[in-house]
>>> print(open('structure_3.cif').read())   # mmCIF, C-alpha atoms
data_model
loop_
_atom_site.group_PDB
_atom_site.id
_atom_site.type_symbol
_atom_site.label_atom_id
_atom_site.label_comp_id
_atom_site.auth_asym_id
_atom_site.auth_seq_id
_atom_site.Cartn_x
_atom_site.Cartn_y
_atom_site.Cartn_z
ATOM 1 C CA MET A 1 -17.750 -169.142 -38.965
ATOM 2 C CA SER A 2 -21.263 -167.883 -38.493
ATOM 3 C CA ARG A 3 -22.275 -164.484 -39.799
ATOM 4 C CA ILE A 4 -22.360 -162.409 -36.636
ATOM 5 C CA THR A 5 -24.061 -159.040 -36.273
ATOM 6 C CA LEU A 6 -23.407 -156.914 -33.209
ATOM 7 C CA VAL A 7 -26.142 -154.528 -32.095
ATOM 8 C CA THR A 8 -25.260 -151.650 -29.780
ATOM 9 C CA VAL A 9 -27.393 -148.756 -28.554
ATOM 10 C CA THR A 10 -25.722 -145.402 -27.916
ATOM 11 C CA PHE A 11 -26.934 -142.504 -25.821
ATOM 12 C CA ASN A 12 -24.441 -139.796 -24.886
ATOM 13 C CA GLY A 13 -21.629 -142.324 -24.831
ATOM 14 C CA ALA A 14 -18.875 -140.340 -26.526
ATOM 15 C CA GLY A 15 -16.523 -141.024 -23.631
ATOM 16 C CA VAL A 16 -16.626 -144.801 -24.147
ATOM 17 C CA TRP A 17 -17.076 -145.048 -27.898
ATOM 18 C CA VAL A 18 -13.483 -144.983 -29.181
ATOM 19 C CA PRO A 19 -12.156 -147.983 -27.174
ATOM 20 C CA PHE A 20 -15.332 -149.939 -27.872
ATOM 21 C CA MET A 21 -15.016 -149.391 -31.614
ATOM 22 C CA ALA A 22 -11.337 -150.333 -31.468
ATOM 23 C CA SER A 23 -12.318 -153.608 -29.786
ATOM 24 C CA VAL A 24 -14.852 -154.347 -32.539
ATOM 25 C CA LEU A 25 -12.498 -153.520 -35.397
ATOM 26 C CA ALA A 26 -9.843 -155.810 -33.921
ATOM 27 C CA GLN A 27 -12.094 -158.907 -34.124
ATOM 28 C CA LYS A 28 -10.572 -161.760 -36.108
ATOM 29 C CA PRO A 29 -11.157 -164.192 -37.482
ATOM 30 C CA ALA A 30 -14.845 -163.351 -37.655
ATOM 31 C CA ASP A 31 -17.457 -162.536 -40.263
ATOM 32 C CA TRP A 32 -19.011 -159.640 -38.368
ATOM 33 C CA ARG A 33 -21.274 -156.674 -38.971
ATOM 34 C CA LEU A 34 -22.081 -153.872 -36.507
ATOM 35 C CA ILE A 35 -25.386 -152.010 -36.253
ATOM 36 C CA VAL A 36 -25.321 -148.884 -34.109
ATOM 37 C CA ILE A 37 -28.591 -147.298 -33.015
ATOM 38 C CA ASP A 38 -28.169 -143.821 -31.560
ATOM 39 C CA ASN A 39 -30.972 -142.528 -29.350
ATOM 40 C CA ALA A 40 -30.525 -138.809 -30.091
ATOM 41 C CA SER A 41 -27.172 -138.299 -28.367
ATOM 42 C CA SER A 42 -26.173 -134.681 -27.780
ATOM 43 C CA ASP A 43 -22.641 -135.084 -26.387
ATOM 44 C CA GLY A 44 -20.571 -135.580 -29.523
ATOM 45 C CA THR A 45 -21.410 -139.243 -30.064
ATOM 46 C CA ARG A 46 -22.953 -138.522 -33.451
ATOM 47 C CA ALA A 47 -19.811 -136.741 -34.620
ATOM 48 C CA LEU A 48 -17.815 -139.865 -33.743
ATOM 49 C CA LEU A 49 -20.322 -142.081 -35.561
ATOM 50 C CA ALA A 50 -20.055 -139.861 -38.642
ATOM 51 C CA GLN A 51 -16.325 -140.625 -38.805
ATOM 52 C CA ILE A 52 -16.869 -144.364 -39.274
ATOM 53 C CA ASP A 53 -15.743 -145.458 -42.731
ATOM 54 C CA ASP A 54 -16.288 -149.206 -42.788
ATOM 55 C CA PRO A 55 -18.884 -150.987 -44.946
ATOM 56 C CA ARG A 56 -19.462 -153.509 -42.155
ATOM 57 C CA VAL A 57 -20.935 -150.795 -39.911
ATOM 58 C CA THR A 58 -24.501 -149.481 -40.207
ATOM 59 C CA VAL A 59 -25.600 -146.450 -38.175
ATOM 60 C CA ILE A 60 -29.272 -145.742 -37.400
ATOM 61 C CA LEU A 61 -29.995 -142.277 -35.998
ATOM 62 C CA ASN A 62 -33.216 -141.917 -34.012
ATOM 63 C CA ASP A 63 -34.865 -138.511 -33.657
ATOM 64 C CA GLY A 64 -35.485 -139.100 -29.947
ATOM 65 C CA ASN A 65 -34.605 -141.478 -27.142
ATOM 66 C CA VAL A 66 -36.843 -144.478 -27.822
ATOM 67 C CA GLY A 67 -35.248 -146.542 -25.046
ATOM 68 C CA VAL A 68 -32.864 -149.478 -25.032
ATOM 69 C CA ALA A 69 -35.452 -152.192 -25.707
ATOM 70 C CA ALA A 70 -36.956 -150.483 -28.777
ATOM 71 C CA ALA A 71 -33.544 -149.530 -30.147
ATOM 72 C CA ASN A 72 -32.273 -153.087 -29.678
ATOM 73 C CA ASN A 73 -35.311 -154.300 -31.617
ATOM 74 C CA GLN A 74 -34.431 -151.954 -34.474
ATOM 75 C CA GLY A 75 -30.987 -153.493 -34.600
ATOM 76 C CA ILE A 76 -32.181 -157.081 -34.203
ATOM 77 C CA GLU A 77 -34.694 -156.727 -37.037
ATOM 78 C CA ALA A 78 -32.043 -155.211 -39.309
ATOM 79 C CA ALA A 79 -29.577 -157.959 -38.376
ATOM 80 C CA LEU A 80 -32.037 -160.766 -39.109
ATOM 81 C CA ALA A 81 -33.073 -159.133 -42.386
ATOM 82 C CA GLY A 82 -29.382 -158.985 -43.316
ATOM 83 C CA GLY A 83 -28.951 -162.730 -42.850
ATOM 84 C CA ALA A 84 -27.237 -162.835 -39.453
ATOM 85 C CA HIS A 85 -26.845 -166.310 -37.944
ATOM 86 C CA ARG A 86 -25.996 -164.875 -34.538
ATOM 87 C CA VAL A 87 -26.944 -161.508 -33.015
ATOM 88 C CA VAL A 88 -24.766 -160.049 -30.273
ATOM 89 C CA LEU A 89 -26.498 -157.500 -28.059
ATOM 90 C CA ILE A 90 -23.608 -155.543 -26.579
ATOM 91 C CA ASN A 91 -23.024 -152.421 -24.511
ATOM 92 C CA ASN A 92 -20.575 -149.893 -25.888
ATOM 93 C CA ASP A 93 -19.235 -149.187 -22.386
ATOM 94 C CA THR A 94 -17.200 -152.386 -22.754
ATOM 95 C CA GLU A 95 -13.737 -153.417 -23.911
ATOM 96 C CA PHE A 96 -12.666 -156.885 -25.025
ATOM 97 C CA GLY A 97 -9.997 -158.894 -26.807
ATOM 98 C CA PRO A 98 -9.778 -159.608 -30.551
ATOM 99 C CA ASP A 99 -11.023 -163.202 -30.232
ATOM 100 C CA LEU A 100 -14.294 -162.483 -28.381
ATOM 101 C CA LEU A 101 -16.648 -163.195 -31.283
ATOM 102 C CA ALA A 102 -14.730 -166.183 -32.642
ATOM 103 C CA ARG A 103 -14.519 -167.889 -29.264
ATOM 104 C CA LEU A 104 -18.142 -167.285 -28.324
ATOM 105 C CA ASP A 105 -19.277 -168.559 -31.714
ATOM 106 C CA SER A 106 -17.102 -171.659 -31.420
ATOM 107 C CA GLN A 107 -18.298 -172.446 -27.893
ATOM 108 C CA MET A 108 -21.904 -171.857 -28.885
ATOM 109 C CA ALA A 109 -21.592 -174.487 -31.609
ATOM 110 C CA ALA A 110 -19.732 -176.923 -29.342
ATOM 111 C CA SER A 111 -22.180 -176.690 -26.430
ATOM 112 C CA GLY A 112 -25.397 -176.503 -28.417
ATOM 113 C CA ALA A 113 -26.285 -173.298 -26.569
ATOM 114 C CA ASP A 114 -29.029 -171.044 -27.857
ATOM 115 C CA VAL A 115 -27.453 -168.039 -26.104
ATOM 116 C CA ILE A 116 -23.948 -167.534 -24.731
ATOM 117 C CA SER A 117 -22.276 -164.855 -22.611
ATOM 118 C CA PRO A 118 -18.659 -164.215 -21.654
ATOM 119 C CA LEU A 119 -17.491 -163.728 -18.099
ATOM 120 C CA ILE A 120 -17.872 -159.996 -17.337
ATOM 121 C CA PRO A 121 -15.611 -158.377 -14.725
ATOM 122 C CA TYR A 122 -15.696 -154.714 -13.743
ATOM 123 C CA TYR A 123 -13.557 -152.529 -16.006
ATOM 124 C CA ASP A 124 -12.033 -150.702 -13.036
ATOM 125 C CA ARG A 125 -11.658 -153.930 -11.027
ATOM 126 C CA PRO A 126 -10.740 -156.531 -13.663
ATOM 127 C CA ASP A 127 -9.976 -159.143 -11.009
ATOM 128 C CA ARG A 128 -13.583 -159.040 -9.731
ATOM 129 C CA ILE A 129 -16.729 -160.430 -11.312
ATOM 130 C CA TRP A 130 -19.657 -158.204 -12.289
ATOM 131 C CA TYR A 131 -21.488 -161.044 -14.092
ATOM 132 C CA GLY A 132 -20.534 -164.691 -13.741
ATOM 133 C CA GLY A 133 -23.816 -166.485 -14.276
ATOM 134 C CA GLY A 134 -27.271 -165.515 -13.110
ATOM 135 C CA SER A 135 -30.475 -166.799 -11.596
ATOM 136 C CA PHE A 136 -34.032 -165.770 -10.760
ATOM 137 C CA VAL A 137 -34.666 -165.332 -7.043
ATOM 138 C CA TRP A 138 -37.751 -164.754 -4.901
ATOM 139 C CA LEU A 139 -36.334 -164.017 -1.431
ATOM 140 C CA PHE A 140 -36.262 -160.203 -1.689
ATOM 141 C CA GLY A 141 -38.824 -159.781 -4.436
ATOM 142 C CA ILE A 142 -39.000 -161.541 -7.779
ATOM 143 C CA MET A 143 -35.892 -160.430 -9.673
ATOM 144 C CA ASN A 144 -32.702 -161.538 -11.365
ATOM 145 C CA LYS A 145 -29.448 -162.059 -9.490
ATOM 146 C CA HIS A 146 -25.857 -161.935 -10.688
ATOM 147 C CA ASP A 147 -24.170 -165.007 -9.237
ATOM 148 C CA HIS A 148 -20.596 -164.644 -7.914
ATOM 149 C CA SER A 149 -20.874 -160.850 -7.917
ATOM 150 C CA ASP A 150 -17.641 -159.236 -6.603
ATOM 151 C CA ALA A 151 -15.934 -162.628 -6.317
ATOM 152 C CA GLU A 152 -12.535 -163.354 -7.822
ATOM 153 C CA LEU A 153 -12.596 -164.659 -11.392
ATOM 154 C CA ALA A 154 -11.545 -168.139 -10.296
ATOM 155 C CA ALA A 155 -14.841 -168.550 -8.434
ATOM 156 C CA VAL A 156 -16.587 -169.721 -11.618
ATOM 157 C CA GLY A 157 -13.881 -172.117 -12.773
ATOM 158 C CA ASP A 158 -12.667 -172.321 -16.351
ATOM 159 C CA LYS A 159 -15.311 -174.503 -18.034
ATOM 160 C CA PRO A 160 -18.512 -173.302 -19.770
ATOM 161 C CA PHE A 161 -21.586 -173.740 -17.595
ATOM 162 C CA GLN A 162 -25.336 -173.398 -17.971
ATOM 163 C CA SER A 163 -27.168 -170.476 -16.382
ATOM 164 C CA ASP A 164 -30.703 -169.079 -16.187
ATOM 165 C CA TYR A 165 -30.020 -165.391 -16.714
ATOM 166 C CA ALA A 166 -27.563 -163.101 -18.493
ATOM 167 C CA PRO A 167 -27.721 -159.345 -19.004
ATOM 168 C CA THR A 168 -27.575 -158.079 -22.567
ATOM 169 C CA CYS A 169 -24.286 -156.354 -21.765
ATOM 170 C CA CYS A 170 -22.781 -158.941 -24.130
ATOM 171 C CA THR A 171 -25.020 -161.787 -25.188
ATOM 172 C CA MET A 172 -24.647 -163.838 -28.384
ATOM 173 C CA ILE A 173 -28.079 -165.078 -29.449
ATOM 174 C CA ASP A 174 -28.864 -167.570 -32.201
ATOM 175 C CA ARG A 175 -31.392 -166.206 -34.697
ATOM 176 C CA SER A 176 -33.717 -169.139 -33.945
ATOM 177 C CA VAL A 177 -34.296 -167.727 -30.451
ATOM 178 C CA PHE A 178 -35.975 -164.595 -31.842
ATOM 179 C CA GLU A 179 -37.999 -166.700 -34.230
ATOM 180 C CA ARG A 180 -39.238 -168.756 -31.288
ATOM 181 C CA ILE A 181 -39.883 -166.206 -28.480
ATOM 182 C CA GLY A 182 -39.915 -162.849 -30.265
ATOM 183 C CA LEU A 183 -38.034 -159.609 -29.618
ATOM 184 C CA MET A 184 -37.526 -157.391 -26.565
ATOM 185 C CA ASP A 185 -40.606 -155.979 -24.814
ATOM 186 C CA GLU A 186 -40.405 -152.250 -25.550
ATOM 187 C CA ARG A 187 -42.586 -151.249 -22.608
ATOM 188 C CA TYR A 188 -39.577 -151.523 -20.307
ATOM 189 C CA PHE A 189 -37.654 -148.686 -22.037
ATOM 190 C CA VAL A 190 -34.531 -149.621 -20.021
ATOM 191 C CA TYR A 191 -33.890 -152.213 -17.266
ATOM 192 C CA TRP A 192 -35.722 -155.535 -16.918
ATOM 193 C CA ASP A 193 -36.087 -155.906 -20.703
ATOM 194 C CA ASP A 194 -33.274 -158.480 -20.590
ATOM 195 C CA THR A 195 -34.847 -160.155 -17.532
ATOM 196 C CA ASP A 196 -38.117 -160.465 -19.441
ATOM 197 C CA PHE A 197 -36.323 -161.918 -22.467
ATOM 198 C CA MET A 198 -34.320 -164.434 -20.425
ATOM 199 C CA TRP A 199 -37.410 -165.500 -18.468
ATOM 200 C CA ARG A 200 -39.229 -166.201 -21.735
ATOM 201 C CA MET A 201 -36.195 -168.191 -22.883
ATOM 202 C CA LYS A 202 -36.231 -170.245 -19.695
ATOM 203 C CA GLN A 203 -39.962 -170.933 -20.038
ATOM 204 C CA ALA A 204 -39.386 -172.075 -23.618
ATOM 205 C CA GLY A 205 -36.652 -174.515 -22.558
ATOM 206 C CA LEU A 206 -33.864 -172.677 -24.396
ATOM 207 C CA ARG A 207 -30.302 -173.019 -23.122
ATOM 208 C CA LEU A 208 -27.979 -170.242 -21.961
ATOM 209 C CA PHE A 209 -24.283 -170.843 -21.320
ATOM 210 C CA VAL A 210 -21.523 -168.710 -19.829
ATOM 211 C CA ASP A 211 -17.949 -169.216 -21.041
ATOM 212 C CA PRO A 212 -15.583 -167.994 -18.291
ATOM 213 C CA SER A 213 -12.568 -168.341 -20.573
ATOM 214 C CA VAL A 214 -13.868 -165.381 -22.611
ATOM 215 C CA ILE A 215 -13.531 -162.034 -20.834
ATOM 216 C CA LEU A 216 -15.311 -158.722 -21.454
ATOM 217 C CA LEU A 217 -14.766 -155.689 -19.197
ATOM 218 C CA HIS A 218 -17.761 -153.514 -18.328
ATOM 219 C CA LYS A 219 -17.777 -149.851 -17.288
ATOM 220 C CA VAL A 220 -20.838 -150.328 -15.105
ATOM 221 C CA SER A 221 -23.656 -147.733 -15.178
ATOM 222 C CA SER A 222 -21.653 -145.336 -17.334
ATOM 223 C CA SER A 223 -24.743 -143.999 -19.119
ATOM 224 C CA THR A 224 -27.419 -144.051 -16.385
ATOM 225 C CA GLY A 225 -25.728 -142.242 -13.519
ATOM 226 C CA GLY A 226 -25.249 -145.167 -11.121
ATOM 227 C CA ALA A 227 -27.536 -147.254 -8.920
ATOM 228 C CA LEU A 228 -28.801 -144.312 -6.846
ATOM 229 C CA SER A 229 -29.527 -141.904 -9.681
ATOM 230 C CA ASN A 230 -33.121 -140.706 -10.071
ATOM 231 C CA PHE A 231 -33.222 -142.271 -13.537
ATOM 232 C CA THR A 232 -32.038 -145.692 -12.382
ATOM 233 C CA ILE A 233 -34.326 -145.836 -9.349
ATOM 234 C CA ARG A 234 -37.372 -144.862 -11.377
ATOM 235 C CA TYR A 235 -36.965 -147.314 -14.228
ATOM 236 C CA TYR A 236 -35.594 -150.216 -12.197
ATOM 237 C CA PHE A 237 -38.454 -150.363 -9.685
ATOM 238 C CA ARG A 238 -41.170 -149.290 -12.116
ATOM 239 C CA ASN A 239 -40.143 -152.128 -14.401
ATOM 240 C CA GLN A 240 -39.882 -154.621 -11.562
ATOM 241 C CA MET A 241 -43.626 -154.188 -11.171
ATOM 242 C CA LEU A 242 -44.206 -154.486 -14.909
ATOM 243 C CA PHE A 243 -42.266 -157.770 -14.993
ATOM 244 C CA THR A 244 -44.003 -159.326 -11.991
ATOM 245 C CA ARG A 245 -47.452 -158.295 -13.187
ATOM 246 C CA LYS A 246 -46.732 -159.797 -16.596
ATOM 247 C CA PHE A 247 -45.477 -163.180 -15.385
ATOM 248 C CA HIS A 248 -46.444 -163.665 -11.723
ATOM 249 C CA GLY A 249 -49.876 -162.144 -11.245
ATOM 250 C CA TRP A 250 -51.070 -159.801 -8.532
ATOM 251 C CA ALA A 251 -49.998 -162.040 -5.655
ATOM 252 C CA GLY A 252 -46.411 -162.127 -6.900
ATOM 253 C CA THR A 253 -46.524 -158.426 -7.697
ATOM 254 C CA LEU A 254 -47.701 -157.364 -4.247
ATOM 255 C CA TYR A 255 -45.137 -159.642 -2.613
ATOM 256 C CA SER A 256 -42.416 -158.141 -4.774
ATOM 257 C CA ALA A 257 -43.544 -154.571 -4.009
ATOM 258 C CA ALA A 258 -43.700 -155.242 -0.257
ATOM 259 C CA THR A 259 -40.257 -156.835 -0.117
ATOM 260 C CA SER A 260 -38.785 -154.060 -2.262
ATOM 261 C CA LEU A 261 -40.100 -151.456 0.176
ATOM 262 C CA ALA A 262 -38.742 -153.457 3.106
ATOM 263 C CA VAL A 263 -35.308 -153.637 1.503
ATOM 264 C CA GLY A 264 -35.469 -149.896 0.831
ATOM 265 C CA ALA A 265 -36.229 -149.256 4.498
ATOM 266 C CA VAL A 266 -33.283 -151.409 5.589
ATOM 267 C CA ARG A 267 -30.980 -149.590 3.189
ATOM 268 C CA LEU A 268 -32.195 -146.296 4.616
ATOM 269 C CA VAL A 269 -31.044 -147.372 8.070
ATOM 270 C CA LEU A 270 -27.942 -149.420 7.305
ATOM 271 C CA ARG A 271 -26.613 -148.174 3.980
ATOM 272 C CA ASP A 272 -25.968 -144.866 2.242
ATOM 273 C CA ASP A 273 -29.528 -144.398 0.980
ATOM 274 C CA LYS A 274 -31.222 -141.096 1.809
ATOM 275 C CA PRO A 275 -34.925 -140.494 2.475
ATOM 276 C CA ARG A 276 -35.304 -139.226 -1.081
ATOM 277 C CA HIS A 277 -34.046 -142.587 -2.406
ATOM 278 C CA PHE A 278 -36.753 -144.425 -0.455
ATOM 279 C CA TYR A 279 -39.366 -141.951 -1.683
ATOM 280 C CA LEU A 280 -38.262 -142.376 -5.299
ATOM 281 C CA ARG A 281 -38.353 -146.168 -4.924
ATOM 282 C CA ALA A 282 -41.897 -146.067 -3.521
ATOM 283 C CA ARG A 283 -43.062 -143.695 -6.245
ATOM 284 C CA ALA A 284 -41.514 -145.887 -8.960
ATOM 285 C CA LEU A 285 -43.222 -148.994 -7.571
ATOM 286 C CA ALA A 286 -46.546 -147.133 -7.572
ATOM 287 C CA GLU A 287 -45.974 -146.052 -11.165
ATOM 288 C CA GLY A 288 -45.336 -149.657 -12.184
ATOM 289 C CA LEU A 289 -48.526 -150.762 -10.470
ATOM 290 C CA SER A 290 -50.523 -148.117 -12.308
ATOM 291 C CA LEU A 291 -49.316 -148.963 -15.807
ATOM 292 C CA PRO A 292 -51.790 -150.525 -18.245
ATOM 293 C CA ARG A 293 -52.127 -154.262 -17.782
ATOM 294 C CA PRO A 294 -49.235 -156.123 -19.477
#
>>> encode(input="structure_3.cif", output="structure tokens")
Amino acid sequence: MSRITLVTVTFNGAGVWVPFMASVLAQKPADWRLIVIDNASSDGTRALLAQIDDPRVTVILNDGNVGVAAANNQGIEAALAGGAHRVVLINNDTEFGPDLLARLDSQMAASGADVISPLIPYYDRPDRIWYGGGSFVWLFGIMNKHDHSDAELAAVGDKPFQSDYAPTCCTMIDRSVFERIGLMDERYFVYWDDTDFMWRMKQAGLRLFVDPSVILLHKVSSSTGGALSNFTIRYYFRNQMLFTRKFHGWAGTLYSAATSLAVGAVRLVLRDDKPRHFYLRARALAEGLSLPRP
């Protein structure tokens, strides 16, 4: 098997750490290493990390919260320096079976994929898909889309298939990908860093596959407060502007901003959004427009 190094970023994730670590330790057969980067957790996570007694696990403790993208880069660089053939960027708010790494590695070799993802249902609704393939869409602003979201697992079939986008919730990446397109863009802090990475992959002609026979359960938004939290709204829409400015110019950026505001207005009328959610969305879009040129 390939030498596989998992990279996970922790931030106040004590409540999800124990089952995640149990899932990692159960992996066999697999030649794995785990690099944990903690972004200054204050909830007991560091006490749990201090209890790890396994030479395959490396813990990096940051003095502050440097963001997901920068922390992932710390782990990726350490993994590549340690001779990893494959790097798995993985959330620790996940649980999975003991054959996850072996099966992804085997399918990656069989398909010739540069990157591979499992099928990812919701942890609290394991019969429903959270991620089952992804694409880039332009209808409601330039963004990524999870295909088959909320559908039953059978909607994607049982054979590996090619896709354009995958979140870094659990993504096995061949080391050659980093050598070709570089690391994560740290300006995003959190959100859209994976979109940026996958877009660069697509532009470079690299191949991403999803294997629906491999299942990983995700406790969605466990560390960011949910889709309507102030934190999520700020960084999601701020970074949407950063992404579109970087790859689609001012015309694409203004289109994306306008459609995002229109969607926000519709949600204000038809969904559970409050006026403050619309205000936060508009302010985040303005912040993204005012950032230094990508």
>>> closest_residue(input="structure_3.cif", among="A:Leu216, A:Gln203, A:Tyr255, A:Val210", to="A:Asp127", atoms="all atoms listed in the file")
A:Leu216
>>> axis_aligned_box(input="structure_3.cif", around="stretch 45-60 of chain A", padding_each_side="8 Å", output="AutoDock Vina command-line options")
--center_x -22.5 --center_y -145.1 --center_z -37.5 --size_x 29.5 --size_y 32.8 --size_z 30.9
>>> resolve_selection(input="structure_3.cif", expression="the PyMOL selection byres ((chain A and resi 2) around 7)", output="ChimeraX atom specification")
/A:1,3-4,31,85-86
>>> closest_residue(input="structure_3.cif", among="A:Asn230, A:Ser290, A:Thr195, A:Thr10", to="A:Val137", atoms="all atoms listed in the file")
A:Thr195
>>> atom_distance(input="structure_3.cif", atom1="atom CA of A:Ala286", atom2="atom CA of A:Trp138")
19.9 Å
>>> resolve_selection(input="structure_3.cif", expression="the PyMOL selection byres ((chain A and resi 17) around 12)", output="ChimeraX atom specification")
/A:8-16,18-24,36,38,43-49,51-52,91-95,219,222-223
>>> residues_around(input="structure_3.cif", residues="A:Ile120", least_positions_apart="4", cutoff="6 Å", atoms="all atoms listed in the file", output="list of chain:residue names")
A:Trp130, A:Tyr131, A:Ile215, A:Leu216, A:Leu217
>>> write_last_selection(input="structure_3.cif", atoms="C-alpha atoms", output="mmCIF file, in the frame of the given file")
data_model
loop_
_atom_site.group_PDB
_atom_site.id
_atom_site.type_symbol
_atom_site.label_atom_id
_atom_site.label_comp_id
_atom_site.auth_asym_id
_atom_site.auth_seq_id
_atom_site.Cartn_x
_atom_site.Cartn_y
_atom_site.Cartn_z
ATOM 1 C CA TRP A 130 -19.657 -158.204 -12.289
ATOM 2 C CA TYR A 131 -21.488 -161.044 -14.092
ATOM 3 C CA ILE A 215 -13.531 -162.034 -20.834
ATOM 4 C CA LEU A 216 -15.311 -158.722 -21.454
ATOM 5 C CA LEU A 217 -14.766 -155.689 -19.197
#
>>> atom_distance(input="structure_3.cif", atom1="atom CA of A:Lys145", atom2="atom CA of A:Gly288")
20.3 Å
